[in-house]
file query_9.cif (mmCIF, C-alpha atoms and all ligand atoms)
data_entry
loop_
_atom_site.label_atom_id
_atom_site.label_comp_id
_atom_site.auth_asym_id
_atom_site.auth_seq_id
_atom_site.Cartn_x
_atom_site.Cartn_y
_atom_site.Cartn_z
CA MET A 257 6.21 -27.65 23.90
CA GLN A 258 4.89 -27.45 20.37
CA ARG A 259 1.34 -28.58 19.91
CA GLN A 260 0.68 -31.51 17.62
CA GLN A 261 -1.25 -29.39 15.13
CA ASP A 262 1.70 -26.97 14.84
CA THR A 263 4.13 -29.54 13.52
CA LYS A 264 2.96 -29.43 9.91
CA LYS A 265 4.85 -26.75 7.99
CA ILE A 266 2.59 -24.30 6.16
CA THR A 267 4.31 -22.53 3.28
CA VAL A 268 3.13 -19.33 1.61
CA THR A 269 2.50 -21.20 -1.63
CA SER A 270 2.82 -24.57 -3.32
CA PRO A 271 2.94 -25.13 -7.08
CA LEU A 272 -0.09 -26.34 -9.00
CA LEU A 273 1.28 -29.54 -10.57
CA PRO A 274 -0.89 -31.36 -13.12
CA PRO A 275 -1.19 -35.14 -12.59
CA LEU A 276 2.06 -36.76 -13.70
CA GLU A 277 0.31 -39.69 -15.42
CA GLU A 278 -1.56 -37.23 -17.64
CA PHE A 279 1.67 -35.51 -18.59
CA ILE A 280 3.46 -38.66 -19.78
CA PRO A 281 1.49 -38.96 -23.07
CA TYR A 282 2.46 -35.37 -23.92
CA LEU A 283 6.12 -36.24 -23.36
CA GLU A 284 5.78 -39.35 -25.51
CA ASP A 285 4.29 -37.25 -28.29
CA ILE A 286 7.11 -34.70 -28.07
CA TRP A 287 9.66 -37.53 -28.26
CA ARG A 288 7.87 -38.87 -31.34
CA ARG A 289 7.84 -35.47 -33.02
CA LYS A 290 11.52 -34.82 -32.25
CA TRP A 291 10.81 -31.08 -32.34
CA ILE A 292 11.57 -29.82 -28.87
CA THR A 293 11.71 -26.03 -29.15
CA ASN A 294 11.47 -23.11 -31.67
CA ASN A 295 7.76 -22.56 -32.17
CA GLY A 296 6.85 -26.25 -32.15
CA HIS A 297 3.44 -27.92 -32.09
CA TYR A 298 2.77 -27.41 -28.36
CA HIS A 299 4.09 -23.86 -28.40
CA GLN A 300 1.54 -23.02 -31.08
CA GLU A 301 -1.21 -24.94 -29.29
CA LEU A 302 -0.54 -23.18 -25.98
CA GLU A 303 -0.56 -19.73 -27.58
CA LYS A 304 -3.93 -20.53 -29.15
CA ALA A 305 -5.34 -22.01 -25.94
CA LEU A 306 -4.19 -19.08 -23.82
CA CYS A 307 -5.68 -16.55 -26.26
CA GLU A 308 -9.01 -18.32 -25.81
CA TYR A 309 -8.72 -18.79 -22.08
CA LEU A 310 -7.66 -15.22 -21.41
CA HIS A 311 -9.84 -13.63 -24.12
CA VAL A 312 -6.93 -11.79 -25.75
CA PRO A 313 -6.15 -11.63 -29.48
CA TYR A 314 -2.36 -12.15 -29.48
CA ILE A 315 0.03 -13.76 -27.05
CA SER A 316 3.70 -14.56 -27.37
CA LEU A 317 5.15 -17.17 -25.02
CA PHE A 318 8.46 -16.64 -23.26
CA THR A 319 10.80 -18.74 -21.17
CA ASN A 320 10.10 -16.68 -18.03
CA GLY A 321 8.21 -13.58 -16.92
CA THR A 322 11.19 -11.19 -16.90
CA LEU A 323 12.18 -11.46 -20.58
CA PRO A 324 8.75 -10.26 -21.80
CA LEU A 325 9.23 -7.14 -19.67
CA ILE A 326 12.64 -6.54 -21.21
CA ALA A 327 11.36 -7.34 -24.72
CA SER A 328 8.27 -5.14 -24.35
CA LEU A 329 10.49 -2.09 -23.88
CA GLN A 330 12.51 -3.09 -26.97
CA ALA A 331 9.35 -3.74 -29.00
CA LEU A 332 8.02 -0.25 -28.34
CA ARG A 333 11.49 1.37 -28.48
CA ILE A 334 11.10 2.91 -25.04
CA THR A 335 13.97 5.17 -23.96
CA GLY A 336 14.75 7.88 -21.41
CA GLU A 337 12.57 7.69 -18.31
CA VAL A 338 9.72 5.36 -17.39
CA ILE A 339 7.29 5.97 -14.54
CA THR A 340 6.79 2.91 -12.37
CA THR A 341 5.92 1.62 -8.90
CA PRO A 342 8.41 0.69 -6.16
CA TYR A 343 5.88 -1.77 -4.66
CA SER A 344 6.53 -4.82 -6.81
CA PHE A 345 8.92 -7.67 -7.41
CA VAL A 346 12.38 -6.39 -8.47
CA ALA A 347 12.05 -7.74 -12.01
CA THR A 348 9.72 -4.86 -12.92
CA THR A 349 12.40 -2.22 -12.40
CA HIS A 350 15.29 -4.45 -13.46
CA SER A 351 13.72 -4.65 -16.93
CA LEU A 352 14.13 -0.87 -17.23
CA TRP A 353 17.72 -1.00 -16.04
CA TRP A 354 18.58 -3.69 -18.62
CA ASN A 355 17.29 -1.29 -21.30
CA ASP A 356 19.33 1.64 -19.97
CA ILE A 357 16.09 3.39 -18.97
CA ARG A 358 15.87 5.47 -15.82
CA PRO A 359 13.07 4.33 -13.51
CA VAL A 360 11.01 7.11 -11.93
CA PHE A 361 9.19 5.85 -8.85
CA VAL A 362 5.72 7.15 -8.06
CA ASP A 363 3.92 6.42 -4.79
CA ILE A 364 1.05 3.94 -4.54
CA ASP A 365 -2.61 4.16 -3.59
CA PRO A 366 -2.85 2.58 -0.12
CA GLN A 367 -6.33 1.21 -0.93
CA THR A 368 -5.02 -1.03 -3.72
CA GLY A 369 -1.23 -1.14 -3.51
CA ASN A 370 -1.07 0.01 -7.14
CA ILE A 371 0.58 3.12 -8.60
CA ASP A 372 -1.46 6.21 -7.68
CA PRO A 373 -2.66 7.84 -10.94
CA GLU A 374 -3.03 11.16 -9.09
CA ARG A 375 0.74 11.33 -8.74
CA ILE A 376 1.80 10.30 -12.24
CA GLU A 377 1.58 13.68 -14.00
CA ALA A 378 3.90 15.38 -11.51
CA ALA A 379 6.58 12.80 -12.35
CA ILE A 380 6.47 13.34 -16.14
CA THR A 381 9.50 15.10 -17.68
CA PRO A 382 10.53 15.73 -21.32
CA LYS A 383 12.40 12.40 -21.14
CA THR A 384 9.37 10.34 -20.08
CA THR A 385 8.29 7.86 -22.76
CA ALA A 386 6.19 5.30 -20.92
CA ILE A 387 4.40 4.19 -17.75
CA MET A 388 5.01 0.70 -16.34
CA PRO A 389 2.38 -0.04 -13.67
CA VAL A 390 1.90 -3.39 -11.92
CA HIS A 391 -1.46 -5.00 -11.07
CA VAL A 392 -0.01 -5.89 -7.71
CA TYR A 393 -1.44 -9.10 -6.11
CA GLY A 394 -3.66 -9.23 -9.22
CA THR A 395 -5.66 -6.15 -8.19
CA PRO A 396 -6.40 -4.16 -11.36
CA CYS A 397 -4.83 -0.72 -11.71
CA ASP A 398 -7.03 2.25 -12.56
CA THR A 399 -6.38 1.56 -16.23
CA GLU A 400 -8.77 4.23 -17.56
CA ARG A 401 -7.16 7.03 -15.60
CA ILE A 402 -3.69 5.83 -16.57
CA GLN A 403 -4.66 5.66 -20.25
CA ARG A 404 -6.06 9.20 -20.19
CA ILE A 405 -2.77 10.51 -18.81
CA ALA A 406 -0.79 8.47 -21.33
CA ASP A 407 -2.89 9.83 -24.20
CA ILE A 408 -2.45 13.45 -23.10
CA TYR A 409 1.34 13.14 -22.86
CA GLY A 410 1.88 10.69 -25.71
CA LEU A 411 3.20 7.91 -23.47
CA LYS A 412 3.11 4.14 -23.92
CA VAL A 413 1.71 1.94 -21.16
CA ILE A 414 3.18 -1.47 -20.38
CA TYR A 415 1.51 -3.42 -17.58
CA ASP A 416 3.44 -5.91 -15.54
CA ALA A 417 0.50 -8.29 -15.14
CA ALA A 418 2.58 -11.10 -13.60
CA HIS A 419 0.00 -11.51 -10.83
CA ALA A 420 -3.10 -10.94 -12.95
CA PHE A 421 -3.63 -14.22 -14.84
CA ALA A 422 -7.33 -14.51 -15.79
CA VAL A 423 -8.36 -11.40 -13.83
CA THR A 424 -11.30 -9.55 -15.39
CA VAL A 425 -12.97 -6.18 -14.81
CA ASN A 426 -16.66 -5.99 -15.74
CA GLY A 427 -16.18 -9.19 -17.71
CA GLN A 428 -13.23 -7.82 -19.71
CA SER A 429 -9.69 -9.19 -19.42
CA ILE A 430 -7.38 -6.83 -17.57
CA LEU A 431 -4.75 -7.84 -20.14
CA LYS A 432 -6.51 -5.71 -22.76
CA ALA A 433 -5.42 -2.51 -21.03
CA GLY A 434 -2.45 -0.45 -22.20
CA ASP A 435 -0.17 -1.13 -25.16
CA LEU A 436 1.29 -4.36 -23.82
CA SER A 437 0.92 -6.61 -20.78
CA THR A 438 3.29 -9.25 -19.47
CA LEU A 439 2.56 -12.44 -17.56
CA SER A 440 4.75 -14.71 -15.46
CA PHE A 441 4.18 -18.45 -15.34
CA HIS A 442 6.75 -19.05 -12.62
CA ALA A 443 6.18 -22.01 -10.28
CA THR A 444 4.89 -19.70 -7.53
CA LYS A 445 2.23 -18.09 -9.70
CA THR A 446 -1.42 -19.17 -9.86
CA TYR A 447 -0.87 -20.62 -13.34
CA ASN A 448 2.61 -22.00 -13.96
CA THR A 449 4.70 -23.64 -16.66
CA ILE A 450 7.47 -24.26 -14.05
CA GLU A 451 9.32 -21.25 -15.51
CA GLY A 452 7.58 -19.27 -18.20
CA GLY A 453 5.88 -16.08 -19.21
CA ALA A 454 4.12 -14.24 -22.00
CA LEU A 455 3.65 -10.91 -23.68
CA ILE A 456 0.14 -9.86 -24.69
CA CYS A 457 -0.42 -7.39 -27.53
CA HIS A 458 -3.37 -6.16 -29.59
CA ASP A 459 -2.28 -6.34 -33.25
CA PRO A 460 -0.53 -8.81 -35.57
CA LYS A 461 2.35 -6.48 -36.46
CA THR A 462 3.38 -6.10 -32.83
CA LYS A 463 3.03 -9.85 -32.31
CA GLN A 464 5.35 -10.42 -35.27
CA ARG A 465 7.92 -7.99 -33.90
CA ILE A 466 7.81 -9.62 -30.46
CA ASP A 467 8.24 -13.06 -32.03
CA TYR A 468 11.34 -11.80 -33.87
CA LEU A 469 12.70 -10.24 -30.69
CA LYS A 470 12.38 -13.44 -28.65
CA ASN A 471 14.23 -15.42 -31.34
CA PHE A 472 17.44 -13.38 -31.70
CA GLY A 473 15.73 -11.05 -34.19
CA PHE A 474 15.50 -13.75 -36.88
CA ALA A 475 12.86 -12.93 -39.51
CA GLY A 476 14.02 -15.70 -41.87
CA GLU A 477 16.84 -18.18 -42.31
CA THR A 478 19.43 -15.47 -42.98
CA THR A 479 17.59 -12.29 -42.00
CA VAL A 480 18.09 -10.63 -38.64
CA VAL A 481 15.89 -7.55 -38.23
CA ALA A 482 16.65 -6.58 -34.62
CA PRO A 483 19.10 -7.24 -31.80
CA GLY A 484 16.84 -9.89 -30.29
CA ILE A 485 17.29 -12.17 -27.33
CA ASN A 486 16.62 -15.86 -26.76
CA GLY A 487 13.30 -15.89 -24.90
CA LYS A 488 11.69 -18.96 -26.44
CA MET A 489 9.57 -21.42 -24.48
CA ASP A 490 10.38 -25.08 -25.15
CA GLU A 491 7.92 -27.84 -26.08
CA VAL A 492 8.04 -29.65 -22.73
CA ARG A 493 6.91 -26.61 -20.80
CA ALA A 494 4.39 -25.59 -23.46
CA ALA A 495 2.79 -29.05 -23.21
CA TYR A 496 2.84 -28.81 -19.41
CA GLY A 497 1.14 -25.43 -19.77
CA LEU A 498 -1.63 -26.93 -21.92
CA LEU A 499 -2.31 -29.57 -19.29
CA GLU A 500 -2.06 -27.01 -16.47
CA LEU A 501 -4.76 -24.97 -18.18
CA LYS A 502 -7.25 -27.78 -17.46
CA TYR A 503 -6.64 -27.44 -13.73
CA VAL A 504 -6.14 -23.73 -13.13
CA GLY A 505 -9.85 -22.87 -13.04
CA GLY A 506 -10.46 -25.38 -10.26
CA ALA A 507 -7.39 -24.11 -8.42
CA ILE A 508 -8.69 -20.53 -8.54
CA GLU A 509 -12.04 -21.70 -7.13
CA LYS A 510 -10.29 -23.40 -4.23
CA ARG A 511 -8.24 -20.25 -3.58
CA GLN A 512 -11.45 -18.24 -3.47
CA LEU A 513 -12.79 -20.38 -0.58
CA LEU A 514 -9.58 -19.80 1.39
CA ASP A 515 -9.65 -16.06 0.63
CA THR A 516 -13.21 -15.91 1.97
CA LEU A 517 -12.22 -17.87 5.07
CA TYR A 518 -9.35 -15.45 5.80
CA ARG A 519 -11.71 -12.49 5.43
CA GLU A 520 -14.20 -14.03 7.85
CA GLN A 521 -11.60 -15.10 10.40
CA LEU A 522 -9.67 -11.83 10.43
CA ALA A 523 -12.55 -9.37 10.05
CA ASP A 524 -12.57 -8.28 13.68
CA VAL A 525 -8.89 -8.41 14.59
CA THR A 526 -7.89 -4.89 15.65
CA GLY A 527 -4.76 -3.70 13.86
CA ILE A 528 -4.97 -6.26 11.02
CA SER A 529 -6.34 -4.99 7.72
CA PHE A 530 -6.59 -6.31 4.18
CA PHE A 531 -7.73 -4.98 0.81
CA ASP A 532 -11.45 -4.91 0.05
CA ARG A 533 -12.71 -6.93 -2.87
CA GLN A 534 -13.35 -4.54 -5.75
CA PRO A 535 -16.76 -4.29 -7.42
CA GLY A 536 -16.85 -5.74 -10.94
CA VAL A 537 -13.49 -7.48 -10.52
CA GLN A 538 -13.09 -11.25 -10.89
CA PRO A 539 -9.84 -11.89 -8.96
CA ASN A 540 -7.55 -14.91 -9.13
CA TYR A 541 -6.82 -14.96 -5.37
CA SER A 542 -3.08 -15.25 -5.97
CA TYR A 543 -2.10 -13.70 -2.65
CA PHE A 544 -3.63 -12.85 0.70
CA PRO A 545 -1.72 -9.82 1.99
CA VAL A 546 -2.53 -8.49 5.45
CA PHE A 547 -1.19 -5.26 6.93
CA VAL A 548 -0.17 -5.01 10.57
CA ASP A 549 -0.74 -1.68 12.31
CA ALA A 550 1.78 -2.21 15.11
CA ALA A 551 0.25 0.35 17.50
CA ALA A 552 -3.29 -1.00 17.16
CA TYR A 553 -2.32 -4.69 16.99
CA GLY A 554 0.16 -4.41 19.83
CA MET A 555 3.04 -6.05 18.00
CA SER A 556 5.23 -5.16 15.02
CA ARG A 557 4.88 -6.83 11.65
CA ASP A 558 8.28 -8.47 12.01
CA THR A 559 7.48 -9.86 15.46
CA LEU A 560 4.22 -11.37 14.17
CA TYR A 561 6.09 -12.72 11.14
CA THR A 562 8.55 -14.44 13.51
CA ARG A 563 5.77 -15.68 15.85
CA LEU A 564 4.10 -17.31 12.86
CA GLN A 565 7.38 -18.98 11.89
CA GLU A 566 7.78 -20.27 15.44
CA ARG A 567 4.46 -22.01 14.88
CA ASN A 568 5.68 -23.39 11.54
CA ILE A 569 3.68 -20.94 9.41
CA TYR A 570 5.74 -19.29 6.68
CA GLY A 571 4.19 -16.12 5.30
CA ARG A 572 6.28 -13.81 3.10
CA ARG A 573 6.84 -10.08 3.30
CA TYR A 574 5.92 -9.27 -0.33
CA PHE A 575 6.93 -6.52 -1.13
CA TYR A 576 9.55 -5.65 1.40
CA PRO A 577 12.02 -4.03 0.99
CA LEU A 578 10.69 -1.70 -1.69
CA ILE A 579 12.52 -1.86 -5.03
CA SER A 580 13.57 1.76 -4.46
CA GLU A 581 15.51 0.62 -1.37
CA PHE A 582 17.89 -1.71 -3.23
CA PRO A 583 21.39 -0.25 -3.80
CA THR A 584 20.94 -0.07 -7.61
CA TYR A 585 17.99 2.31 -7.27
CA LYS A 586 18.39 3.94 -3.87
CA GLY A 587 20.37 6.87 -5.25
CA LEU A 588 17.64 7.95 -7.68
CA PRO A 589 15.88 11.19 -6.67
CA SER A 590 12.46 9.48 -6.97
CA ALA A 591 13.61 6.75 -4.55
CA ALA A 592 13.66 9.23 -1.65
CA LYS A 593 11.59 7.95 1.26
CA ASP A 594 9.48 11.12 1.49
CA ASN A 595 8.43 10.65 -2.15
CA LEU A 596 6.97 7.22 -1.37
CA PRO A 597 5.23 7.35 2.03
CA ASN A 598 2.36 4.98 1.18
CA ALA A 599 4.66 2.43 -0.41
CA HIS A 600 6.88 2.47 2.69
CA ARG A 601 3.90 2.07 4.98
CA LEU A 602 2.63 -0.98 3.10
CA ALA A 603 6.09 -2.53 2.70
CA ASP A 604 6.74 -2.12 6.43
CA SER A 605 3.44 -3.66 7.49
CA VAL A 606 2.69 -6.43 4.98
CA ILE A 607 2.65 -10.19 5.43
CA CYS A 608 1.33 -12.37 2.63
CA LEU A 609 -0.40 -15.29 4.34
CA PRO A 610 -0.30 -18.84 2.94
CA ILE A 611 -2.73 -19.41 0.07
CA TYR A 612 -2.70 -22.05 -2.65
CA HIS A 613 -5.07 -24.48 -4.31
CA ASP A 614 -4.66 -27.42 -1.94
CA LEU A 615 -4.06 -25.56 1.31
CA ASP A 616 -6.28 -27.14 3.98
CA PRO A 617 -8.92 -24.72 5.34
CA GLN A 618 -7.86 -25.95 8.80
CA ASP A 619 -4.43 -24.46 8.09
CA VAL A 620 -6.01 -21.10 7.30
CA LYS A 621 -7.84 -21.32 10.65
CA ARG A 622 -4.59 -22.28 12.40
CA THR A 623 -2.85 -19.25 10.84
CA CYS A 624 -5.67 -16.94 11.86
CA ASP A 625 -5.69 -18.37 15.40
CA VAL A 626 -2.01 -17.45 15.83
CA ILE A 627 -2.76 -13.94 14.56
CA LYS A 628 -5.67 -13.63 17.00
CA GLU A 629 -3.72 -15.06 19.96
CA ASN A 630 -1.02 -12.44 19.53
CA ALA A 631 -3.45 -9.53 19.20
CA ARG A 632 -3.56 -7.05 22.04
C1 LIG A 701 7.12 -13.15 -10.76
C2 LIG A 701 7.16 -11.73 -11.22
C3 LIG A 701 7.92 -11.30 -12.33
C4 LIG A 701 8.95 -12.13 -13.01
O1 LIG A 701 8.60 -13.33 -13.35
P1 LIG A 701 9.63 -14.52 -13.59
O2 LIG A 701 8.79 -15.47 -14.34
O3 LIG A 701 10.02 -15.03 -12.24
O4 LIG A 701 10.79 -14.02 -14.38
C5 LIG A 701 7.79 -9.99 -12.74
N1 LIG A 701 7.01 -9.12 -12.11
C6 LIG A 701 6.31 -9.47 -11.01
C7 LIG A 701 5.45 -8.44 -10.36
C8 LIG A 701 6.39 -10.77 -10.52
O5 LIG A 701 5.72 -11.10 -9.40
#

call {"tool": "encode", "arguments": {"input": "query_9.cif", "output": "structure tokens", "more": "lines below"}}
Ligand SMILES: *Cc1c(COP(=O)(O)O)cnc(C)c1O
result
Amino acid sequence: MQRQQDTKKITVTSPLLPPLEEFIPYLEDIWRRKWITNNGHYHQELEKALCEYLHVPYISLFTNGTLPLIASLQALRITGEVITTPYSFVATTHSLWWNDIRPVFVDIDPQTGNIDPERIEAAITPKTTAIMPVHVYGTPCDTERIQRIADIYGLKVIYDAAHAFAVTVNGQSILKAGDLSTLSFHATKTYNTIEGGALICHDPKTKQRIDYLKNFGFAGETTVVAPGINGKMDEVRAAYGLLELKYVGGAIEKRQLLDTLYREQLADVTGISFFDRQPGVQPNYSYFPVFVDAAAYGMSRDTLYTRLQERNIYGRRYFYPLISEFPTYKGLPSAAKDNLPNAHRLADSVICLPIYHDLDPQDVKRTCDVIKENAR
């Protein structure tokens, strides 16, 4: 029989929704203005507010987090081959495919889950034009090492920073690294605009080019300067994003308490490991991935995953399967399993445990109790 406390369903995440009554006046204002998309008032306000909040000079809003990836490759005219990680959400690699670029997968550092800089140089060929790393779970990549390699070989660096909203290293925004960084504001992310995203750049010329690209390439009423796409964010979601910005800081603080609780509760469970907090890094606590060592824990990852579900606790196996395992990419030489041993090990052992701003600490304890009960 299921225990009373088990009946409440615990999901891996839950969207941060600003109070509806505070959103209504924004909607009324948009209705008054009768300007509902195409670089309207709230679009401009949100770009300004995000530049301040994130401490970056230029940001271009998009309608989701995938189009800025696709547009970033267009903006920098990337061709040929791009070095990237298989341990991410599929959109990272799909953006290369949509630009007719061949992804070259490089294994990850098991301490961080991020692309291993040690292995990048061996993957560079005459066709390589860029590196597309991911700050996976919001953990910063070794951006200095990656930049040194990029400088030596004349490569661009585009970070998929979808998980890294507001993350800083030694007080500096992680979004300042590389040539461009992209963000996702999808409902499941720490900061959301329901659907949404952004591209961060460091100079006004690039910002201008990105703004053309996301608006069909229009540079004036009758001037089209590039084969652009429609990536524009509308006024309703830009206004929502402005309001959301007032609440995201508090949400990150609440996530931090839950992250700490998980670390305390799971510290001594044999066969369960998690990433260390990194010195100098201010995280956003977007995810709480744990890794199950089946031999030491006494149960496989998938069995634990199912046991949790039987107790109404829904973790997610981010990122399993690896991107390199999907049919589109599996045939690539760099997708070979023996090229990516660390990525396979993490993908085969990971469960992201529930974490979000209003998750009850008791639910974290309940989740950890199930993990402890099943331990050898
Ligand atoms: C969420 C996500 C994206 C895509 O974002 P959407 O807003 O859903 O299009 C890209 N990369 C990573 C790593 C993501 O997690």

call {"tool": "residues_near_ligand", "arguments": {"input": "query_9.cif", "ligand": "ligand LIG 701 (chain A)", "cutoff": "10 Å", "atoms": "only C-alpha atoms and all ligand atoms", "output": "VMD selection string"}}
result
chain A and resid 318 to 325 343 to 351 389 to 394 415 to 420 438 to 445 448 to 454 574 to 575

call {"tool": "closest_residue", "arguments": {"input": "query_9.cif", "among": "A:Glu308, A:Val480, A:Pro271, A:Ile357", "to": "A:Tyr585", "atoms": "all atoms listed in the file"}}
result
A:Ile357

call {"tool": "residues_near_point", "arguments": {"input": "query_9.cif", "point": "(-1.6, 8.4, -15.3)", "cutoff": "12 Å", "atoms": "all atoms listed in the file", "output": "PyMOL selection string"}}
result
chain A and resi 338-341+362+364+370-380+386-389+397-413+434

call {"tool": "atom_distance", "arguments": {"input": "query_9.cif", "atom1": "atom CA of A:Asn295", "atom2": "atom CA of A:Leu501"}}
result
18.9 Å

call {"tool": "residues_around", "arguments": {"input": "query_9.cif", "residues": "stretch 620-628 of chain A", "least_positions_apart": "5", "cutoff": "9 Å", "atoms": "all atoms listed in the file", "output": "mmCIF file with C-alpha atoms, in the frame of the given file"}}
result
data_model
loop_
_atom_site.group_PDB
_atom_site.id
_atom_site.type_symbol
_atom_site.label_atom_id
_atom_site.label_comp_id
_atom_site.auth_asym_id
_atom_site.auth_seq_id
_atom_site.Cartn_x
_atom_site.Cartn_y
_atom_site.Cartn_z
ATOM 1 C CA GLN A 261 -1.250 -29.390 15.130
ATOM 2 C CA ASP A 262 1.700 -26.970 14.840
ATOM 3 C CA ILE A 266 2.590 -24.300 6.160
ATOM 4 C CA LEU A 514 -9.580 -19.800 1.390
ATOM 5 C CA LEU A 517 -12.220 -17.870 5.070
ATOM 6 C CA TYR A 518 -9.350 -15.450 5.800
ATOM 7 C CA GLN A 521 -11.600 -15.100 10.400
ATOM 8 C CA LEU A 522 -9.670 -11.830 10.430
ATOM 9 C CA VAL A 525 -8.890 -8.410 14.590
ATOM 10 C CA ILE A 528 -4.970 -6.260 11.020
ATOM 11 C CA LEU A 560 4.220 -11.370 14.170
ATOM 12 C CA ARG A 563 5.770 -15.680 15.850
ATOM 13 C CA LEU A 564 4.100 -17.310 12.860
ATOM 14 C CA ARG A 567 4.460 -22.010 14.880
ATOM 15 C CA ILE A 569 3.680 -20.940 9.410
ATOM 16 C CA LEU A 609 -0.400 -15.290 4.340
ATOM 17 C CA PRO A 610 -0.300 -18.840 2.940
ATOM 18 C CA ILE A 611 -2.730 -19.410 0.070
ATOM 19 C CA LEU A 615 -4.060 -25.560 1.310
#

call {"tool": "closest_residue", "arguments": {"input": "query_9.cif", "among": "A:Ala592, A:Leu455, A:Ala331, A:Ile326", "to": "A:Trp354", "atoms": "all atoms listed in the file"}}
result
A:Ile326

call {"tool": "closest_residue", "arguments": {"input": "query_9.cif", "among": "A:Tyr496, A:Lys432, A:Thr424, A:Arg533", "to": "A:Leu283", "atoms": "only C-alpha atoms"}}
result
A:Tyr496

call {"tool": "atom_distance", "arguments": {"input": "query_9.cif", "atom1": "atom CA of A:Leu469", "atom2": "atom CA of A:Ala494"}}
result
18.9 Å

call {"tool": "closest_residue", "arguments": {"input": "query_9.cif", "among": "A:Ser270, A:Arg572, A:Asp532, A:Val548", "to": "A:Gly369", "atoms": "all atoms listed in the file"}}
result
A:Asp532

call {"tool": "axis_aligned_box", "arguments": {"input": "query_9.cif", "around": "stretch 341-353 of chain A", "padding_each_side": "3 Å", "output": "AutoDock Vina command-line options"}}
result
--center_x 11.8 --center_y -3.1 --center_z -10.9 --size_x 17.8 --size_y 15.4 --size_z 18.6

call {"tool": "closest_residue", "arguments": {"input": "query_9.cif", "among": "A:Ile430, A:Leu513, A:Val425, A:Val481", "to": "A:Gln538", "atoms": "all atoms listed in the file"}}
result
A:Val425

call {"tool": "atom_distance", "arguments": {"input": "query_9.cif", "atom1": "atom CA of A:Asn486", "atom2": "atom CA of A:Lys461"}}
result
19.6 Å

call {"tool": "closest_residue", "arguments": {"input": "query_9.cif", "among": "A:Arg511, A:Cys307, A:Pro342, A:Phe547", "to": "A:Phe582", "atoms": "all atoms listed in the file"}}
result
A:Pro342

call {"tool": "build_atoms", "arguments": {"input": "query_9.cif", "residues": "stretch 344-358 of chain A", "atoms": "N, CA and C atoms", "output": "CSV table (one decimal), in the frame of the given file"}}
result
chain,number,residue,atom,x,y,z
A,344,SER,N,6.6,-3.7,-5.9
A,344,SER,CA,6.5,-4.8,-6.8
A,344,SER,C,7.7,-5.7,-6.6
A,345,PHE,N,7.8,-6.8,-7.4
A,345,PHE,CA,8.9,-7.7,-7.4
A,345,PHE,C,10.0,-7.0,-8.2
A,346,VAL,N,11.3,-7.1,-7.8
A,346,VAL,CA,12.4,-6.4,-8.5
A,346,VAL,C,12.4,-6.5,-10.0
A,347,ALA,N,11.9,-7.6,-10.6
A,347,ALA,CA,12.0,-7.7,-12.0
A,347,ALA,C,11.4,-6.6,-12.8
A,348,THR,N,10.4,-6.0,-12.2
A,348,THR,CA,9.7,-4.9,-12.9
A,348,THR,C,10.7,-3.8,-13.2
A,349,THR,N,11.5,-3.3,-12.2
A,349,THR,CA,12.4,-2.2,-12.4
A,349,THR,C,13.7,-2.7,-13.1
A,350,HIS,N,14.1,-3.9,-12.8
A,350,HIS,CA,15.3,-4.4,-13.5
A,350,HIS,C,15.1,-4.4,-15.0
A,351,SER,N,13.9,-4.6,-15.5
A,351,SER,CA,13.7,-4.6,-16.9
A,351,SER,C,14.0,-3.3,-17.5
A,352,LEU,N,13.8,-2.2,-16.8
A,352,LEU,CA,14.1,-0.9,-17.2
A,352,LEU,C,15.6,-0.7,-17.2
A,353,TRP,N,16.3,-1.1,-16.2
A,353,TRP,CA,17.7,-1.0,-16.0
A,353,TRP,C,18.4,-1.7,-17.2
A,354,TRP,N,18.0,-2.9,-17.5
A,354,TRP,CA,18.6,-3.7,-18.6
A,354,TRP,C,18.4,-3.0,-20.0
A,355,ASN,N,17.5,-2.0,-20.1
A,355,ASN,CA,17.3,-1.3,-21.3
A,355,ASN,C,17.9,0.1,-21.2
A,356,ASP,N,18.7,0.3,-20.1
A,356,ASP,CA,19.3,1.6,-20.0
A,356,ASP,C,18.3,2.8,-19.8
A,357,ILE,N,17.2,2.4,-19.2
A,357,ILE,CA,16.1,3.4,-19.0
A,357,ILE,C,16.1,3.8,-17.5
A,358,ARG,N,15.9,5.0,-17.2
A,358,ARG,CA,15.9,5.5,-15.8
A,358,ARG,C,14.5,5.3,-15.2
